[in-house]
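Source file: work-v4.txt. Holds: compact mmCIF, C-alpha atoms.
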```txt
# COMPACT_ATOMS: atom_id res chain seq x y z
CA MET A 1 -27.10 -28.45 -27.25
CA ASP A 2 -23.88 -27.40 -25.51
CA LEU A 3 -22.18 -27.42 -28.91
CA LEU A 4 -24.42 -24.66 -30.24
CA PRO A 5 -23.36 -21.00 -30.00
CA GLU A 6 -25.40 -18.87 -27.63
CA TYR A 7 -27.27 -17.04 -30.40
CA LEU A 8 -28.75 -20.40 -31.47
CA THR A 9 -29.59 -21.60 -28.00
CA GLN A 10 -33.10 -20.37 -27.40
CA GLY A 11 -33.22 -21.77 -23.92
CA ALA A 12 -30.00 -20.19 -22.67
CA VAL A 13 -29.99 -18.87 -19.13
CA GLY A 14 -31.48 -15.38 -18.95
CA ARG A 15 -33.02 -15.67 -22.42
CA GLY A 16 -36.13 -17.65 -21.65
CA GLU A 17 -38.25 -14.50 -21.60
CA LEU A 18 -37.22 -13.43 -25.08
CA SER A 19 -40.05 -13.42 -27.56
CA ARG A 20 -39.99 -15.31 -30.82
CA ASP A 21 -39.70 -12.00 -32.70
CA VAL A 22 -36.60 -11.02 -30.74
CA ILE A 23 -34.99 -14.41 -31.28
CA ASP A 24 -35.82 -14.32 -34.98
CA ALA A 25 -34.33 -10.82 -35.27
CA GLU A 26 -31.10 -11.96 -33.60
CA HIS A 27 -30.84 -15.00 -35.86
CA ARG A 28 -31.63 -12.90 -38.93
CA ASP A 29 -28.95 -10.35 -38.06
CA HIS A 30 -26.41 -13.13 -37.55
CA ILE A 31 -27.25 -14.69 -40.90
CA LEU A 32 -27.01 -11.30 -42.63
CA ASP A 33 -23.58 -10.74 -41.07
CA VAL A 34 -22.42 -14.07 -42.45
CA ALA A 35 -24.17 -13.68 -45.80
CA THR A 36 -22.52 -10.32 -46.40
CA VAL A 37 -19.10 -11.97 -46.13
CA VAL A 38 -20.10 -14.95 -48.27
CA PHE A 39 -21.71 -12.84 -51.02
CA ALA A 40 -18.77 -10.44 -51.08
CA LYS A 41 -16.12 -13.15 -51.24
CA ARG A 42 -17.84 -15.65 -53.54
CA GLY A 43 -19.97 -13.27 -55.58
CA TYR A 44 -23.75 -13.38 -55.73
CA THR A 45 -24.01 -15.77 -58.67
CA ALA A 46 -21.60 -18.32 -57.22
CA THR A 47 -23.19 -18.23 -53.76
CA THR A 48 -25.83 -20.79 -52.80
CA VAL A 49 -28.10 -21.07 -49.78
CA ASP A 50 -26.00 -24.04 -48.71
CA HIS A 51 -22.92 -21.81 -48.60
CA ILE A 52 -24.73 -19.35 -46.34
CA VAL A 53 -26.25 -21.88 -43.93
CA SER A 54 -22.96 -23.73 -43.67
CA ALA A 55 -21.07 -20.55 -42.82
CA ALA A 56 -23.80 -19.44 -40.40
CA ARG A 57 -24.00 -22.92 -38.82
CA ILE A 58 -27.76 -23.16 -39.13
CA GLY A 59 -30.16 -25.53 -40.82
CA VAL A 60 -31.69 -24.92 -44.24
CA GLY A 61 -35.14 -24.96 -42.67
CA ARG A 62 -34.18 -22.20 -40.26
CA PHE A 63 -32.86 -20.11 -43.13
CA TYR A 64 -36.13 -20.43 -45.03
CA SER A 65 -38.11 -19.56 -41.92
CA LEU A 66 -36.42 -16.15 -41.99
CA PHE A 67 -35.81 -15.50 -45.71
CA ASP A 68 -37.71 -16.30 -48.90
CA GLY A 69 -34.50 -17.39 -50.57
CA LYS A 70 -31.04 -16.27 -51.65
CA GLN A 71 -32.16 -13.06 -53.32
CA ASP A 72 -34.33 -12.04 -50.36
CA CYS A 73 -31.32 -12.55 -48.11
CA PHE A 74 -29.13 -10.48 -50.42
CA LEU A 75 -31.66 -7.66 -50.63
CA ARG A 76 -31.98 -7.50 -46.86
CA ALA A 77 -28.20 -7.41 -46.53
CA TYR A 78 -28.08 -4.63 -49.13
CA GLU A 79 -30.70 -2.56 -47.33
CA ARG A 80 -28.99 -2.99 -43.98
CA ILE A 81 -25.59 -1.99 -45.35
CA LEU A 82 -27.10 1.00 -47.15
CA ALA A 83 -28.93 2.22 -44.04
CA THR A 84 -25.84 1.84 -41.87
CA GLY A 85 -23.67 3.63 -44.42
CA ARG A 86 -26.09 6.53 -44.77
CA ALA A 87 -26.27 6.94 -41.00
CA ARG A 88 -22.48 6.96 -40.65
CA VAL A 89 -22.04 9.49 -43.43
CA ALA A 90 -24.75 11.72 -41.95
CA GLU A 91 -22.98 11.64 -38.58
CA SER A 92 -19.65 12.64 -40.06
CA VAL A 93 -20.58 15.61 -42.25
CA PRO A 94 -21.28 19.18 -41.10
CA ARG A 95 -25.01 19.78 -40.91
CA GLU A 96 -24.94 23.52 -41.55
CA ALA A 97 -22.44 23.52 -44.41
CA ASP A 98 -23.33 24.88 -47.83
CA TRP A 99 -23.41 22.55 -50.84
CA PRO A 100 -19.72 22.61 -51.84
CA GLU A 101 -18.44 21.84 -48.34
CA LEU A 102 -21.22 19.33 -47.73
CA ALA A 103 -20.55 17.52 -51.01
CA CYS A 104 -16.81 17.42 -50.36
CA ALA A 105 -17.23 16.18 -46.79
CA THR A 106 -19.69 13.55 -47.97
CA LEU A 107 -17.24 12.24 -50.56
CA GLN A 108 -14.50 12.13 -47.95
CA SER A 109 -16.75 10.16 -45.60
CA VAL A 110 -17.76 7.72 -48.35
CA LEU A 111 -14.13 7.04 -49.29
CA ARG A 112 -13.25 6.50 -45.64
CA LEU A 113 -16.17 4.14 -45.14
CA ILE A 114 -15.39 2.08 -48.24
CA ALA A 115 -11.79 1.62 -47.12
CA ALA A 116 -12.95 0.58 -43.64
CA GLU A 117 -15.71 -1.78 -44.81
CA PRO A 118 -14.55 -3.31 -48.12
CA LEU A 119 -16.87 -6.34 -48.02
CA ALA A 120 -19.95 -4.22 -47.39
CA ALA A 121 -18.81 -1.84 -50.12
CA ARG A 122 -18.50 -4.72 -52.56
CA ILE A 123 -22.12 -5.71 -51.88
CA LEU A 124 -23.37 -2.21 -52.66
CA LEU A 125 -21.13 -1.36 -55.59
CA ALA A 126 -20.17 -4.59 -57.32
CA GLU A 127 -22.63 -7.35 -56.46
CA ALA A 128 -25.97 -5.53 -56.45
CA PRO A 129 -25.96 -4.82 -60.22
CA THR A 130 -25.50 -8.56 -60.90
CA ALA A 131 -27.76 -10.02 -58.21
CA GLY A 132 -30.95 -10.39 -60.24
CA ASP A 133 -33.66 -8.05 -61.46
CA ALA A 134 -34.93 -7.00 -58.03
CA ALA A 135 -31.45 -6.13 -56.79
CA LEU A 136 -30.65 -4.24 -60.00
CA ARG A 137 -33.84 -2.20 -59.64
CA ARG A 138 -32.99 -1.38 -56.03
CA TYR A 139 -29.45 -0.43 -57.04
CA GLU A 140 -30.79 1.89 -59.73
CA GLU A 141 -33.25 3.41 -57.26
CA THR A 142 -30.38 4.11 -54.90
CA ILE A 143 -28.50 5.92 -57.66
CA ASP A 144 -31.60 7.90 -58.65
CA GLN A 145 -31.94 9.09 -55.04
CA LEU A 146 -28.53 10.75 -55.33
CA VAL A 147 -29.49 12.90 -58.31
CA PRO A 148 -31.31 15.65 -56.32
CA PHE A 149 -28.27 16.07 -54.06
CA LEU A 150 -26.01 16.67 -57.05
CA ARG A 151 -28.59 18.84 -58.81
CA ALA A 152 -28.46 21.21 -55.83
CA GLY A 153 -24.97 22.08 -57.02
CA ARG A 154 -26.53 24.01 -59.88
CA GLU A 155 -27.83 26.56 -57.36
CA VAL A 156 -24.27 27.60 -56.47
CA SER A 157 -22.70 27.08 -59.88
CA PRO A 158 -21.47 30.17 -61.75
CA VAL A 159 -22.12 28.32 -65.01
CA ALA A 160 -25.50 26.81 -64.11
CA GLU A 161 -27.15 27.87 -67.36
CA GLU A 162 -24.47 26.09 -69.36
CA LEU A 163 -24.71 22.75 -67.57
CA PRO A 164 -26.31 19.91 -69.58
CA GLN A 165 -29.46 18.31 -68.21
CA THR A 166 -27.73 14.93 -68.13
CA LEU A 167 -24.82 16.15 -66.01
CA GLU A 168 -25.91 14.47 -62.77
CA VAL A 169 -26.28 11.09 -64.45
CA ALA A 170 -22.87 11.45 -66.08
CA VAL A 171 -21.20 12.49 -62.82
CA LEU A 172 -22.75 9.61 -60.90
CA GLY A 173 -21.74 7.18 -63.64
CA GLY A 174 -18.14 8.32 -63.44
CA LEU A 175 -18.08 8.26 -59.66
CA LEU A 176 -19.60 4.79 -59.43
CA TRP A 177 -17.20 3.42 -62.04
CA PHE A 178 -14.26 4.81 -60.08
CA LEU A 179 -15.49 3.34 -56.80
CA GLN A 180 -16.40 -0.02 -58.34
CA GLN A 181 -12.94 -0.36 -59.85
CA ARG A 182 -11.25 0.39 -56.55
CA VAL A 183 -13.39 -2.20 -54.76
CA VAL A 184 -13.10 -4.93 -57.40
CA LEU A 185 -9.35 -4.46 -57.82
CA GLY A 186 -8.79 -4.19 -54.07
CA GLU A 187 -7.15 -0.77 -54.44
CA LEU A 188 -8.34 0.57 -51.10
CA ASP A 189 -5.09 1.49 -49.38
CA GLY A 190 -4.89 5.26 -49.30
CA LEU A 191 -8.33 5.59 -50.85
CA GLU A 192 -9.11 8.69 -48.81
CA ASP A 193 -6.01 10.32 -50.25
CA ARG A 194 -7.73 10.25 -53.62
CA LEU A 195 -10.34 12.74 -52.43
CA PRO A 196 -8.93 15.51 -54.69
CA GLU A 197 -9.39 13.23 -57.71
CA VAL A 198 -12.96 12.37 -56.71
CA ALA A 199 -13.82 15.97 -55.83
CA ASP A 200 -12.55 17.07 -59.23
CA LEU A 201 -14.85 14.52 -60.83
CA VAL A 202 -17.94 15.52 -58.82
CA LEU A 203 -17.55 19.18 -57.85
CA ALA A 204 -15.49 20.71 -60.64
CA PRO A 205 -18.26 20.54 -63.27
CA TYR A 206 -20.35 22.80 -61.02
CA LEU A 207 -17.70 24.98 -59.36
CA GLY A 208 -14.67 24.90 -61.61
CA LYS A 209 -11.25 23.55 -60.67
CA GLU A 210 -10.03 26.60 -58.74
CA GLU A 211 -13.07 26.78 -56.46
CA THR A 212 -13.03 23.01 -56.01
CA GLU A 213 -9.45 23.19 -54.78
CA ARG A 214 -10.41 25.97 -52.36
CA VAL A 215 -13.26 23.86 -50.98
CA LEU A 216 -10.92 20.91 -50.54
CA GLU A 217 -8.56 23.03 -48.48
CA SER A 218 -11.40 24.27 -46.27
CA VAL A 219 -12.83 20.85 -45.42
CA VAL A 220 -11.72 19.75 -41.98
CA THR A 221 -10.40 16.17 -42.07
CA VAL A 222 -10.94 14.11 -38.95
CA ALA A 223 -9.00 10.83 -38.56
```
If you took the structure in this file and wrote it as structure tokens, what would it be?
Amino acid sequence: MDLLPEYLTQGAVGRGELSRDVIDAEHRDHILDVATVVFAKRGYTATTVDHIVSAARIGVGRFYSLFDGKQDCFLRAYERILATGRARVAESVPREADWPELACATLQSVLRLIAAEPLAARILLAEAPTAGDAALRRYEETIDQLVPFLRAGREVSPVAEELPQTLEVAVLGGLLWFLQQRVVLGELDGLEDRLPEVADLVLAPYLGKEETERVLESVVTVA
């Protein structure tokens, strides 16, 4: 028993009062931490439950007491990463800004977060589309949830009546391709410096290049 890490020692001093639910939650979080690294480095398809339990130093039985299988584990990791990322972006963008500044600040925060958390970013952007039908559906749902945010750009666009109905889908497709390529190729150094390129992709169709450049200059960057 002394060889086990504390998070696997249910009878550790000061932990005897912990409920089974609390212990399970701690074990599940630990496994998700490990699984995120394993999935990101090996890829979903090449990862097995044995890889995860070996890296997490747990038994197969314990894994299956907390997850239905590999895909369930992946989906839970995906949801946790997504929730954490959304919270961090929300904390870093101005709450009272209008759409152009909000969109630009959001893009800046996303680029910063991807550079800081490359393994988590790989789960969301590169592995989810290839992790089975359930993961693909969840990935597509996540993308669909971004459409209303982009569509709000039409309300401030001087050319709103000329914008095609499929613009949001096209913009998201281009943005995701750009981000996926950076993650897969490991081109993350200086990623935040590419904000003008990304802003041109996302904002310029709504605002035009000149206004997009003005918005970029007005966004306060915080290291």
Exercise: range 89-96 of chain A partners within 9 Å, only C-alpha atoms, chain neighbours under 3 positions left out, as a list in words:
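Selected residues are Thr84, Gly85, Arg86, Glu101, Leu102, Ala103, Ala105, Thr106, Ser109, Val110, Leu113 and Val222 of chain A.
What separates CA of Arg151 in chain A from CA of Gly190 in chain A is a distance of 28.9 Å.
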So, with all atoms listed in the file as the atoms that count, which of A:Leu18, A:Ala135, A:Ala121, A:Leu201 lies closest to Leu167 in chain A?
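Among A:Leu18, A:Ala135, A:Ala121, A:Leu201, it is A:Leu201 that comes nearest to Leu167 in chain A.
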Pick out the closest residue to Leu191 in chain A from this set: A:Ala152, A:Gln108, A:Glu210, A:Glu127. Count only C-alpha atoms.
A:Gln108
Spatial neighbours of Val171 in chain A, max dist 10 Å, all atoms listed in the file, sep filter under 2 positions, as a list of chain:residue names
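Returned residues: A:Val147, A:Leu150, A:Thr166, A:Leu167, A:Glu168, A:Val169, A:Gly173, A:Gly174, A:Leu175, A:Leu176, A:Trp177, A:Leu201, A:Val202, A:Leu203, A:Pro205.
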Nearest candidate to Ile81 in chain A (options A:Ala25, A:Leu136, A:Val60, A:Leu32; using all atoms listed in the file)
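Between A:Ala25, A:Leu136, A:Val60, A:Leu32, the residue approaching Ile81 in chain A most closely is A:Leu32.
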Compile the contact shell of Ala77 in chain A as number ranges by chain: residues with an atom at most 12 Å away, counting all atoms listed in the file, same-chain residues fewer than 6 positions apart removed.
A: 28-40, 44, 67, 70-71, 83-84, 119-124, 127-128, 131, 135
Counting all atoms listed in the file, which residue out of A:Val49, A:Leu185, A:Val219, A:Leu179 sits closest to Arg62 in chain A?
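Looking only at the distances to Arg62 in chain A, the closest residue turns out to be A:Val49.
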